[in-house]
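Visitor: So that you have it, the file is my_file.txt, and it contains compact mmCIF, C-alpha atoms:
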# COMPACT_ATOMS: atom_id res chain seq x y z
CA MET A 1 132.43 87.04 167.00
CA ARG A 2 135.94 88.04 165.95
CA ILE A 3 138.49 87.50 168.74
CA ILE A 4 141.63 89.60 168.29
CA ARG A 5 144.91 90.01 170.12
CA ARG A 6 144.74 93.07 172.33
CA ARG A 7 148.29 93.31 173.64
CA ALA A 8 148.46 97.06 172.92
CA ALA A 9 145.26 99.00 172.29
CA LEU A 10 145.80 102.67 171.41
CA VAL A 11 143.08 105.22 172.20
CA ALA A 12 142.80 108.16 169.80
CA PRO A 13 140.44 111.18 169.84
CA GLY A 14 137.57 110.80 167.42
CA SER A 15 137.41 114.53 166.73
CA ASP A 16 141.05 114.91 165.64
CA GLU A 17 141.50 113.40 162.18
CA LYS A 18 145.28 113.88 162.12
CA LYS A 19 145.83 112.04 165.42
CA ALA A 20 143.31 109.36 164.52
CA ARG A 21 144.96 108.63 161.18
CA LYS A 22 148.39 108.53 162.82
CA ALA A 23 147.07 105.98 165.31
CA LEU A 24 145.45 103.90 162.55
CA ALA A 25 148.69 103.85 160.57
CA GLY A 26 150.70 102.69 163.59
CA SER A 27 151.55 99.35 165.18
CA ALA A 28 148.91 98.99 167.89
CA ASP A 29 147.00 95.71 167.83
CA GLU A 30 143.75 97.65 168.10
CA VAL A 31 142.89 101.33 167.71
CA ILE A 32 139.98 102.71 169.74
CA LEU A 33 138.52 105.89 168.31
CA ASP A 34 137.03 107.83 171.20
CA LEU A 35 133.69 109.64 171.04
CA GLU A 36 133.46 110.07 174.80
CA ASP A 37 136.01 111.86 177.01
CA ALA A 38 138.17 113.15 174.14
CA VAL A 39 135.28 114.96 172.40
CA THR A 40 133.51 118.10 173.61
CA PRO A 41 129.69 118.19 173.46
CA ALA A 42 129.72 120.66 170.58
CA LEU A 43 131.78 118.26 168.45
CA LYS A 44 129.99 114.98 169.21
CA ALA A 45 127.99 114.78 165.97
CA ASP A 46 130.91 115.76 163.72
CA ALA A 47 133.21 113.32 165.51
CA ARG A 48 130.69 110.51 165.05
CA SER A 49 130.63 111.11 161.30
CA LEU A 50 134.42 111.32 161.07
CA VAL A 51 134.90 108.12 163.09
CA ALA A 52 132.42 106.24 160.91
CA GLU A 53 134.35 107.31 157.80
CA LEU A 54 137.66 106.21 159.33
CA VAL A 55 136.27 102.81 160.35
CA ARG A 56 135.00 102.23 156.80
CA GLU A 57 138.41 103.19 155.44
CA TYR A 58 140.62 101.22 157.82
CA GLY A 59 138.39 98.58 159.37
CA LYS A 60 138.84 95.98 156.64
CA THR A 61 142.60 95.84 157.14
CA ARG A 62 143.13 96.40 160.88
CA PRO A 63 141.15 96.15 164.15
CA VAL A 64 139.30 99.40 164.80
CA SER A 65 136.85 99.92 167.66
CA ILE A 66 134.80 102.88 168.85
CA ARG A 67 134.32 104.09 172.41
CA VAL A 68 130.80 105.46 172.50
CA ASN A 69 129.22 107.81 174.99
CA GLY A 70 127.62 106.27 178.06
CA ARG A 71 124.12 104.87 178.36
CA THR A 72 122.85 107.82 180.42
CA THR A 73 123.98 110.46 177.89
CA ASP A 74 122.02 112.09 175.08
CA TRP A 75 124.46 110.67 172.50
CA PHE A 76 124.24 106.97 173.36
CA ALA A 77 121.45 105.97 170.96
CA ASP A 78 122.93 107.89 168.01
CA ASP A 79 126.39 106.48 168.68
CA LEU A 80 125.06 102.92 168.70
CA ALA A 81 123.03 103.51 165.54
CA ALA A 82 126.21 104.65 163.79
CA CYS A 83 128.06 101.56 165.05
CA ALA A 84 125.28 99.25 163.92
CA ALA A 85 125.40 100.78 160.44
CA LEU A 86 129.09 99.89 160.17
CA GLY A 87 128.42 96.16 160.52
CA ASP A 88 131.35 93.76 160.60
CA VAL A 89 133.90 96.35 159.42
CA LEU A 90 133.79 97.56 163.06
CA THR A 91 135.82 95.35 165.40
CA SER A 92 133.81 96.30 168.49
CA LEU A 93 132.30 99.14 170.42
CA VAL A 94 133.46 100.07 173.91
CA ILE A 95 130.81 101.10 176.43
CA PRO A 96 132.10 103.35 179.21
CA LYS A 97 131.14 103.26 182.89
CA VAL A 98 129.32 99.93 182.69
CA GLU A 99 127.71 99.29 186.08
CA SER A 100 125.31 96.43 185.39
CA ARG A 101 124.35 93.78 182.92
CA ALA A 102 121.41 96.03 182.03
CA ASP A 103 123.83 98.49 180.39
CA LEU A 104 124.90 95.75 177.98
CA VAL A 105 121.33 94.58 177.39
CA ALA A 106 120.38 98.15 176.48
CA ALA A 107 123.21 98.29 173.96
CA ASP A 108 122.27 94.90 172.55
CA SER A 109 118.74 96.13 171.81
CA LEU A 110 120.12 98.99 169.69
CA LEU A 111 122.73 97.08 167.71
CA GLY A 112 122.52 95.00 164.60
CA ALA A 113 123.80 91.47 164.39
CA GLY A 114 127.44 90.71 164.89
CA VAL A 115 128.82 93.86 166.55
CA PRO A 116 130.89 92.77 169.61
CA VAL A 117 131.11 94.85 172.78
CA GLN A 118 133.80 95.70 175.33
CA ALA A 119 132.87 97.00 178.78
CA LEU A 120 134.86 99.69 180.58
CA ILE A 121 134.82 99.10 184.33
CA GLU A 122 135.54 102.50 185.83
CA THR A 123 133.21 102.97 188.82
CA PRO A 124 132.93 101.26 192.21
CA ALA A 125 129.49 100.00 191.17
CA GLY A 126 130.98 98.42 188.08
CA VAL A 127 133.63 96.62 190.10
CA GLY A 128 130.97 95.42 192.53
CA ALA A 129 128.80 94.04 189.72
CA ILE A 130 131.61 92.55 187.63
CA ASP A 131 130.44 88.93 187.99
CA GLU A 132 127.05 89.92 186.53
CA ILE A 133 128.51 92.23 183.89
CA VAL A 134 130.71 89.55 182.30
CA THR A 135 127.58 87.53 181.45
CA GLY A 136 126.22 90.34 179.26
CA PRO A 137 125.37 89.88 175.58
CA ARG A 138 128.04 90.41 172.88
CA LEU A 139 130.78 90.92 175.48
CA THR A 140 134.30 89.97 174.36
CA ALA A 141 136.45 91.96 176.81
CA VAL A 142 136.39 93.98 180.02
CA VAL A 143 138.76 96.91 180.52
CA ILE A 144 139.73 98.69 183.75
CA GLY A 145 139.41 102.48 183.64
CA TYR A 146 141.73 103.86 186.31
CA ALA A 147 141.15 107.61 185.97
CA ASP A 148 137.42 107.65 186.72
CA LEU A 149 137.66 104.78 189.18
CA GLY A 150 140.51 106.41 191.06
CA ALA A 151 138.61 109.70 191.25
CA ALA A 152 135.49 107.95 192.54
CA LEU A 153 137.51 106.13 195.20
CA GLY A 154 139.48 109.20 196.20
CA ARG A 155 142.67 107.33 195.32
CA ALA A 156 145.86 109.28 194.64
CA ARG A 157 147.19 109.16 191.09
CA THR A 158 150.61 108.31 192.51
CA VAL A 159 149.66 104.90 194.00
CA THR A 160 151.70 101.91 192.87
CA PRO A 161 150.31 99.28 190.46
CA GLN A 162 150.21 96.81 193.35
CA GLN A 163 147.72 98.99 195.22
CA TRP A 164 145.18 98.24 192.49
CA LEU A 165 145.46 94.48 193.02
CA PHE A 166 141.95 94.02 194.46
CA VAL A 167 140.30 95.59 191.42
CA GLN A 168 142.64 93.88 188.98
CA ASP A 169 142.03 90.44 190.48
CA ARG A 170 138.26 90.94 190.64
CA VAL A 171 138.09 91.88 186.97
CA LEU A 172 140.56 89.20 185.87
CA HIS A 173 138.85 86.37 187.74
CA ALA A 174 135.42 87.35 186.41
CA ALA A 175 136.71 87.60 182.84
CA ARG A 176 138.40 84.21 182.99
CA ALA A 177 135.29 82.59 184.45
CA ALA A 178 133.27 84.02 181.55
CA GLY A 179 135.85 83.11 178.90
CA ILE A 180 136.44 86.69 177.75
CA GLN A 181 139.51 88.92 177.58
CA ALA A 182 140.75 91.05 180.47
CA VAL A 183 142.51 94.24 179.39
CA ASP A 184 144.28 96.68 181.67
CA GLY A 185 143.45 100.35 181.33
CA PRO A 186 145.87 103.13 180.42
CA PHE A 187 148.67 104.27 182.67
CA LEU A 188 148.05 107.87 183.76
CA GLY A 189 151.05 109.24 181.89
CA ILE A 190 152.25 109.34 178.29
CA ALA A 191 155.95 108.52 178.65
CA ASP A 192 157.56 105.14 178.09
CA ASP A 193 159.38 105.46 181.40
CA GLU A 194 160.16 103.04 184.22
CA PRO A 195 156.93 103.65 186.19
CA PHE A 196 154.95 102.85 183.04
CA ARG A 197 157.06 99.76 182.35
CA GLU A 198 156.66 98.57 185.93
CA ALA A 199 152.88 98.90 185.69
CA THR A 200 152.89 97.02 182.39
CA ARG A 201 155.04 94.17 183.72
CA TRP A 202 152.82 93.94 186.78
CA VAL A 203 149.56 93.36 184.93
CA ALA A 204 151.17 91.07 182.38
CA GLY A 205 152.44 88.95 185.25
CA LEU A 206 148.96 88.83 186.76
CA GLY A 207 147.64 87.30 183.53
CA PHE A 208 145.94 90.16 181.67
CA ASP A 209 145.65 89.90 177.89
CA GLY A 210 146.88 93.41 177.13
CA LYS A 211 146.78 97.07 178.02
CA TRP A 212 145.38 100.33 176.70
CA VAL A 213 147.87 103.09 175.89
CA ILE A 214 147.27 106.77 175.26
CA HIS A 215 150.48 107.58 173.38
CA PRO A 216 152.14 105.77 170.45
CA ALA A 217 155.50 105.85 172.29
CA GLN A 218 154.15 103.24 174.70
CA ILE A 219 153.05 100.68 172.11
CA ALA A 220 156.33 98.81 171.61
CA THR A 221 156.89 98.25 175.32
CA VAL A 222 153.38 96.92 175.81
CA ARG A 223 153.51 94.62 172.79
CA ASP A 224 156.86 93.22 173.87
CA THR A 225 155.75 92.72 177.47
CA PHE A 226 152.60 90.83 176.49
CA THR A 227 154.33 88.69 173.85
CA PRO A 228 156.06 85.48 175.03
CA THR A 229 159.66 85.06 173.95
CA ALA A 230 160.65 82.58 171.26
CA ASP A 231 162.04 80.28 173.96
CA GLU A 232 158.78 80.42 175.90
CA ALA A 233 156.76 79.62 172.78
CA GLU A 234 159.05 76.71 171.89
CA ARG A 235 158.76 75.35 175.42
CA ALA A 236 154.95 75.55 175.15
CA ARG A 237 155.03 73.58 171.88
CA ARG A 238 157.22 70.91 173.48
CA VAL A 239 154.83 70.65 176.43
CA LEU A 240 151.84 70.06 174.16
CA THR A 241 153.72 67.64 171.93
CA THR A 242 154.94 65.62 174.92
CA LEU A 243 151.44 65.46 176.41
CA ALA A 244 149.95 64.44 173.07
CA GLU A 245 152.47 61.63 172.76
CA ALA A 246 151.70 60.50 176.32
CA ALA A 247 147.97 60.54 175.59
CA ALA A 248 148.54 58.37 172.52
CA ARG A 249 150.18 55.86 174.84
CA GLY A 250 147.21 56.04 177.21
CA ALA A 251 149.03 58.11 179.87
CA GLY A 252 147.42 61.17 181.43
CA ALA A 253 150.69 62.78 182.53
CA ALA A 254 154.24 62.98 181.23
CA LEU A 255 157.70 64.23 182.09
CA LEU A 256 159.63 66.95 180.25
CA ASP A 257 163.06 68.09 181.42
CA GLY A 258 162.32 66.72 184.88
CA GLN A 259 158.95 68.49 185.20
CA MET A 260 155.68 66.62 185.59
CA LEU A 261 153.21 67.70 182.91
CA ASP A 262 149.44 67.52 183.18
CA GLU A 263 146.38 69.34 181.89
CA ALA A 264 147.03 72.40 184.05
CA VAL A 265 150.45 72.80 182.42
CA ALA A 266 148.83 72.29 179.03
CA VAL A 267 146.37 75.13 179.68
CA ALA A 268 149.27 77.46 180.41
CA ALA A 269 151.09 76.27 177.29
CA ARG A 270 148.05 76.91 175.09
CA ARG A 271 147.75 80.41 176.51
CA THR A 272 151.43 81.06 175.79
CA LEU A 273 150.99 80.02 172.16
CA SER A 274 147.84 82.10 171.87
CA MET A 275 149.66 85.16 173.21
CA SER A 276 152.41 84.42 170.70
CA GLY A 277 149.91 84.50 167.86
CA VAL A 278 150.09 80.73 167.40
CA HIS A 279 146.94 78.65 167.75
CA ASP A 280 147.60 75.05 168.67
CA GLU A 281 144.80 72.52 168.49
CA GLN A 282 146.37 69.99 170.86
So that I can check it, write out the structure of this file as structure tokens.

Guide:
Amino acid sequence: MRIIRRRAALVAPGSDEKKARKALAGSADEVILDLEDAVTPALKADARSLVAELVREYGKTRPVSIRVNGRTTDWFADDLAACAALGDVLTSLVIPKVESRADLVAADSLLGAGVPVQALIETPAGVGAIDEIVTGPRLTAVVIGYADLGAALGRARTVTPQQWLFVQDRVLHAARAAGIQAVDGPFLGIADDEPFREATRWVAGLGFDGKWVIHPAQIATVRDTFTPTADEAERARRVLTTLAEAAARGAGAALLDGQMLDEAVAVAARRTLSMSGVHDEQ
């Protein structure tokens, strides 16, 4: 399955061709065309056709995914059939309100070969079952959905990013244990303001791979926040080079600028290079 960088993933309505094309022409690492919340029931079929056309047009040159309607809806089977017909031109499909591994198994049975899946965790049941969910077929990423989850919990929209730590850590730990990506959900606002930047810095510091955004104005901040600096990338290269040289001498640890290096430091260095878009084989 294709693994992509998901520093900034922009969600665009699947029923609005102008907005969708603007998103697809922009700088987001991934564009998610939405067939669920952004589309009224009367427009579901038309939106599905439009999204399929856009994926065929843009999917060969940039990552494009589709958020389908949930498993319990009347549109789920038709949405997945349309995704299956797109084949490998579709980066992935996003399943909303995943609450069990069975939701992913149901999707797997309706998809053709090679279509990866992302799971939106946006209910208390989904958070509770996260360790089971991350073992589901085709899964490449889990994403936190704050709006629905907050509503289900009765949580105020004005809470700080730190008040979501329990959920964020649960999802992040499960994703890392399963070897898949952990992506933060969208901030409940469209401005590139300080509250948004604080929330972005917070989840980047926790170790998430990226964040969804709902407005193009937020893309640059998210990409920058989730991209290591040139100095950080160079330091990571030096760490791996120093450890490789030590290993060639038969040593399991080494010193660099007064810091003891070992495999744990190497893991962090490899992640830094990966987030920088550099893949190091050391």

Visitor: Check the smallest atom-to-atom distance from each of A:Ala266, A:Val143, A:Val55, A:Leu35 to Leu86 (chain A) using only C-alpha atoms, then report the winner.

Guide: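 Between A:Ala266, A:Val143, A:Val55, A:Leu35, the residue approaching Leu86 (chain A) most closely is A:Val55.
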
Visitor: Taking into account all atoms listed in the file, which residue in the set A:Leu261, A:Lys19, A:Asp108, A:Asp209 is nearest to Thr241 (chain A)?

Guide: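 Looking at the shortest contact to Thr241 (chain A), the residue is A:Leu261.
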
Visitor: Using only C-alpha atoms, which residues sit within 6 Å of Phe226 (chain A) once same-chain residues fewer than 2 positions away are excluded, as JSON, numbers by chain?

Guide: {"A": [7, 223, 224]}

Visitor: Would you be able to write out as a PyMOL selection string which residues have an atom within 12 Å of (137.8, 110.0, 171.9) in the file's coordinates, counting only C-alpha atoms?

Guide: chain A and resi 10-17+19-20+31-41+43-44+47-48+50-51+65-69+94+96+214

Visitor: What separation in Å, quoted to one decimal, exists between CA of Val239 (chain A) and CA of Arg170 (chain A)?

Guide: 29.8 Å

Visitor: With distances taken over only C-alpha atoms, which residue among A:Thr160, A:Thr227, A:Thr61, A:Ser49 lies nearest Leu90 (chain A)?

Guide: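 Of all the options, A:Thr61 lies closest to Leu90 (chain A).
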
Visitor: What is the distance, in Å and to one decimal place, between CA of Thr272 (chain A) and CA of Arg5 (chain A)?

Guide: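 We find that CA of Thr272 (chain A) and CA of Arg5 (chain A) lie 12.4 Å from each other.
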
Visitor: With distances taken over all atoms listed in the file, which residue among A:Ile144, A:Ala151, A:Ala246, A:Ala9 lies nearest Val98 (chain A)?

Guide: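 Among the listed residues, the smallest separation from Val98 (chain A) belongs to A:Ile144.
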
Visitor: One decimal, in Å: what's the spacing between CA of Arg201 (chain A) and CA of Leu165 (chain A)?

Guide: 13.4 Å

Visitor: Find, counting all atoms listed in the file, the residue in A:Pro228, A:Gly150, A:Pro116, A:Pro63 that gets nearest to Ser276 (chain A).

Guide: A:Pro228

Visitor: If you count only C-alpha atoms, which residues fall within 8 Å of Ser100 (chain A), apart from same-chain ones fewer than 2 positions away, as a list of chain:residue names?

Guide: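 The contact residues come out as A:Val98, A:Ala102, A:Asp103, A:Leu104, A:Ala125, A:Gly126, A:Ala129, A:Ile130, A:Glu132, A:Ile133.
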
Visitor: Which residue is closest to Ala230 (chain A)? Choose from A:Val167, A:Ala81, A:Leu24, A:Met275 and count only C-alpha atoms.

Guide: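 When distances to Ala230 (chain A) are compared using only C-alpha atoms, the smallest one comes from A:Met275.
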
Visitor: For Arg270 (chain A), find every residue with an atom within 8 Å (counting only C-alpha atoms), except residues of its own chain fewer than 2 positions away, and show them as an mmCIF file with C-alpha atoms, in the frame of the given file.

Guide:
data_model
loop_
_atom_site.group_PDB
_atom_site.id
_atom_site.type_symbol
_atom_site.label_atom_id
_atom_site.label_comp_id
_atom_site.auth_asym_id
_atom_site.auth_seq_id
_atom_site.Cartn_x
_atom_site.Cartn_y
_atom_site.Cartn_z
ATOM 1 C CA ALA A 236 154.950 75.550 175.150
ATOM 2 C CA LEU A 240 151.840 70.060 174.160
ATOM 3 C CA ALA A 266 148.830 72.290 179.030
ATOM 4 C CA VAL A 267 146.370 75.130 179.680
ATOM 5 C CA ALA A 268 149.270 77.460 180.410
ATOM 6 C CA THR A 272 151.430 81.060 175.790
ATOM 7 C CA LEU A 273 150.990 80.020 172.160
ATOM 8 C CA SER A 274 147.840 82.100 171.870
ATOM 9 C CA HIS A 279 146.940 78.650 167.750
ATOM 10 C CA ASP A 280 147.600 75.050 168.670
#

Visitor: Please write out, as lines of an AutoDock Vina configuration file, where the centre of an axis-aligned box around all listed atoms of region 37-56 of chain A lies and how long its edges are, in Å to one decimal, after adding 3 Å on each side.

Guide:
center_x = 133.1
center_y = 111.4
center_z = 166.9
size_x = 16.2
size_y = 24.4
size_z = 26.2
